[in-house]
Amino acid sequence: MIGQVGDLTSPDDARRSILAAVGDPETEEVALTAGLGRVLAEAVESPLDVPPFDSSAMDGFAVLAGPEDELEVRGESRAGHPSSEAVRPGLAVRISTGAPIPDGADAVVEVERTGSAGDDRVRVGRSEAGANVRRAGEDLRRGQLVMAPGTELGPAELGVLASLGRDRALCARRPRLALLVTGDELTEPGEPLQAGHIYSSNSSALAAQAERAGAQITLRAKVPDDRETTEAALAGALESADVVLISGGVSVGPHDHVKPALHALGVEERFWRVALRPGKPTWFGLRGRTLVFGMPGNPVSAMVCFQLFARPALRTLQGASPEAARATARLAAPVTLSPTRLEAVRCRLLTTEEGLEAEPTGDQGSHRLSSMLGADCLALVGPGEGELAAGERVEVELL
Ligand code: AMP
Ligand code: MG
């Protein structure tokens, strides 16, 4: 952990301050068909045994377990169509995978170990009790806790909920997020680029990060470097969102209007400027329960700040863990340390015989967004003097 460095807030303190400001999630019923990526807000108990009945794991013959034998075949138990015949000594019931085990039977002899012995007669190999039988409740028992609140619904979770007969689940409401980008120099992609302009990339990158973190983008706008317009845009954003992200214009230049506008709108500053590289000019504040992030304009800084500060807030707002997966890896190349700031180095993660290796993606200038291409993780290093040598172990946060 790094302490306060001059007037910079340490990244750990910044995170703590953000998480302390996040309220409890609101909840809503969500249809399973729309559930991918949603976060559970209920404890899910199984209302039934899964599988619900004893069934066959093989195509073959349901029998009473015993030695090799010749049996009379009576009826068939097919998947979805139980047999009305019961198994008694001397009798077998033909059975298919997933079909209910007939009354009286306690084993299934797979078809590969049987042979015809004339009309309606079969030779079966030796069997042990329970052979090829899937027991009711073998997967999940009735009353068993299956998933805890805070679980993110992925394909496996959705499949398991369906196996319990659930077609909906109580989930956290997706946080509504308003995304503003500031700058007279910004042109939206798809439009002709004017002299002295650049295409706005933050709108796309931050929106995608926010959606991936579970947010619903309710407002997306480009704001010129003008005090009144900035304030009006922020006023609208504050009305319509749980989280407001505004990129650029958060420094102290004559054309940076975000801080004074936020102040005028009654957004209370919690911190400004973090001991992080890239990402120093990050601002965070609150109005009521609405969280406001003043993100750096530089595209890499904005993405790094999102990952380390806005993402944990959005996850917590949904009752999910704020922590992204972390690991340790060996640096594949030396990294120059910042004496005062934690450095977030964009790296590819390689699996080598000696374990994970983090290879910087190239020049780490905060304006070089292409350095995020192929980046699997951020290596979090420093602050410190000099250089961290190749081979040193570092903590990495997976992207
Ligand atoms: P600012 O924080 O407004 O001083 O912006 C810092 C740098 O980030 C400047 O070079 C801006 O042109 C650039 N920048 C700001 N907003 C965006 C954006 N939406 N997309 C790409 N670059 C941006
Ligand atoms: Mg600007």
# chains A, B, ... in the order shown; residues from 1 in each chain; ligands from 1
>>> closest_atom_pairs(of="chain A", to="ligand 2", cutoff="10 Å", atoms="only C-alpha atoms and all ligand atoms", output="CSV")
residue,atom,partner,partner_atom_place_in_ligand_line,distance
A:Val181,CA,ligand 2,1 (Mg),8.8
A:Thr182,CA,ligand 2,1 (Mg),5.9
A:Gly183,CA,ligand 2,1 (Mg),4.4
A:Asp184,CA,ligand 2,1 (Mg),7.1
A:Glu185,CA,ligand 2,1 (Mg),7.7
A:Leu186,CA,ligand 2,1 (Mg),8.9
A:Val223,CA,ligand 2,1 (Mg),9.9
A:Pro224,CA,ligand 2,1 (Mg),8.7
A:Asp225,CA,ligand 2,1 (Mg),6.9
A:Ser247,CA,ligand 2,1 (Mg),8.2
A:Gly248,CA,ligand 2,1 (Mg),4.8
A:Gly249,CA,ligand 2,1 (Mg),4.4
A:Val250,CA,ligand 2,1 (Mg),7.8
A:Ser251,CA,ligand 2,1 (Mg),8.4
A:Gly253,CA,ligand 2,1 (Mg),8.8
A:His255,CA,ligand 2,1 (Mg),7.0
A:Asp256,CA,ligand 2,1 (Mg),6.4
A:His257,CA,ligand 2,1 (Mg),9.0
A:Val258,CA,ligand 2,1 (Mg),9.7
A:Pro296,CA,ligand 2,1 (Mg),8.9
A:Gly297,CA,ligand 2,1 (Mg),6.3
A:Asn298,CA,ligand 2,1 (Mg),8.9
>>> residues_around(residues="Gly35 (chain A)", least_positions_apart="2", cutoff="10 Å", atoms="only C-alpha atoms", output="list in words")
Glu29, Val30, Ala31, Leu32, Thr33, Gly37, Arg38, Val39, Leu40, Glu152, Leu153, Gly154, Pro155, Glu157, Leu158, Asp167, Arg168, Ala169, Leu170 and Cys171 of chain A
>>> select_by_dssp(residues="region 153-202 of chain A", states="strand (DSSP E or B)", output="ChimeraX atom specification")
/A:168-172,176-182,186-187,198-199
>>> closest_residue(among="A:Ala117, A:Ala275, A:Leu180, A:Val50", to="ligand 1", atoms="only C-alpha atoms and all ligand atoms")
A:Leu180
>>> atom_distance(atom1="CA of Val111 (chain A)", atom2="CA of Ser163 (chain A)")
28.2 Å
>>> residues_around(residues="Gly190 (chain A)", least_positions_apart="2", cutoff="12 Å", atoms="only C-alpha atoms", output="VMD selection string")
chain A and resid 187 to 188 192 to 193 199 to 201
>>> residues_around(residues="Val109 (chain A)", least_positions_apart="3", cutoff="7 Å", atoms="only C-alpha atoms", output="ChimeraX atom specification")
/A:60-62,113,124-125,127
>>> closest_residue(among="A:Thr352, A:Leu380, A:Lys259, A:Val252", to="Arg227 (chain A)", atoms="only C-alpha atoms")
A:Lys259
>>> residues_around(residues="Ala210 (chain A)", least_positions_apart="4", cutoff="12 Å", atoms="only C-alpha atoms", output="compact mmCIF listing (two decimals) with C-alpha atoms, in the first residue's frame")
# COMPACT_ATOMS: atom_id res chain seq x y z
CA ARG A 174 -28.10 -2.83 -13.68
CA PRO A 175 -26.59 0.52 -12.67
CA ARG A 176 -27.60 3.32 -15.04
CA LEU A 177 -24.52 5.05 -16.34
CA ALA A 178 -24.26 8.41 -18.09
CA LEU A 179 -21.13 8.88 -20.17
CA ASN A 202 -13.14 7.34 -24.90
CA SER A 203 -16.85 7.21 -25.72
CA SER A 204 -16.44 3.77 -27.22
CA ALA A 205 -13.84 2.29 -24.88
CA LEU A 206 -15.45 3.51 -21.65
CA GLY A 214 -22.80 -4.71 -15.94
CA ALA A 215 -23.87 -1.07 -16.40
CA GLN A 216 -26.61 0.10 -18.70
CA ILE A 217 -25.64 3.20 -20.63
CA THR A 218 -28.57 5.60 -20.39
CA ARG A 220 -23.94 9.24 -24.05
CA VAL A 243 -23.05 6.68 -12.04
CA VAL A 244 -21.76 9.58 -14.12
CA LEU A 245 -18.49 9.26 -16.04
CA ALA A 302 -9.25 6.71 -18.84
CA MET A 303 -9.32 2.95 -19.41
CA CYS A 305 -8.96 4.48 -14.19
CA PHE A 306 -12.11 2.73 -15.25
CA GLN A 307 -10.59 -0.66 -14.48
CA PHE A 309 -11.87 2.70 -9.82
CA ALA A 310 -15.14 2.73 -11.77
CA ARG A 311 -15.38 -1.01 -12.35
CA PRO A 312 -15.19 -1.88 -8.62
CA ALA A 313 -17.93 0.67 -7.95
CA LEU A 314 -20.20 -0.80 -10.64
CA ARG A 315 -19.61 -4.33 -9.37
>>> residues_around(residues="region 322-332 of chain A", least_positions_apart="4", cutoff="7 Å", atoms="only C-alpha atoms", output="PDB file with C-alpha atoms, in the first residue's frame")
ATOM      1  CA  PRO A 312     -15.188  -1.883  -8.623  1.00  0.00           C
ATOM      2  CA  ALA A 313     -17.931   0.673  -7.953  1.00  0.00           C
ATOM      3  CA  ARG A 315     -19.614  -4.326  -9.370  1.00  0.00           C
ATOM      4  CA  THR A 316     -20.365  -3.315  -5.772  1.00  0.00           C
ATOM      5  CA  LEU A 356       3.047 -16.711 -15.776  1.00  0.00           C
ATOM      6  CA  GLU A 357       5.051 -14.015 -17.512  1.00  0.00           C
ATOM      7  CA  ALA A 358       3.909 -10.404 -18.045  1.00  0.00           C
ATOM      8  CA  GLU A 359       5.254  -8.850 -21.220  1.00  0.00           C
ATOM      9  CA  ALA A 390      13.095  -8.462 -15.993  1.00  0.00           C
ATOM     10  CA  GLY A 391      12.344 -11.623 -14.008  1.00  0.00           C
ATOM     11  CA  GLU A 392      11.045  -9.735 -10.935  1.00  0.00           C
ATOM     12  CA  ARG A 393       7.685 -10.956  -9.658  1.00  0.00           C
ATOM     13  CA  VAL A 394       4.856  -8.439  -9.915  1.00  0.00           C
ATOM     14  CA  GLU A 395       1.168  -8.383  -9.123  1.00  0.00           C
ATOM     15  CA  VAL A 396      -1.080  -8.305 -12.183  1.00  0.00           C
ATOM     16  CA  GLU A 397      -4.762  -7.493 -12.448  1.00  0.00           C
ATOM     17  CA  LEU A 398      -6.475  -9.437 -15.216  1.00  0.00           C
TER      18      LEU A 398
END
>>> closest_residue(among="A:Ala136, A:Leu388, A:Ala213, A:Val300", to="ligand 1", atoms="only C-alpha atoms and all ligand atoms")
A:Val300
>>> select_by_dssp(residues="region 51-300 of chain A", states="alpha helix (DSSP H)", output="JSON, numbers by chain")
{"A": [155, 156, 157, 158, 159, 160, 161, 162, 163, 202, 203, 204, 205, 206, 207, 208, 209, 210, 211, 212, 227, 228, 229, 230, 231, 232, 233, 234, 235, 236, 237, 238, 239, 240, 258, 259, 260, 261, 262, 263, 264, 299, 300]}
>>> closest_residue(among="A:Ala65, A:Ala241, A:Ala320, A:Ile95", to="Arg289 (chain A)", atoms="only C-alpha atoms")
A:Ala241
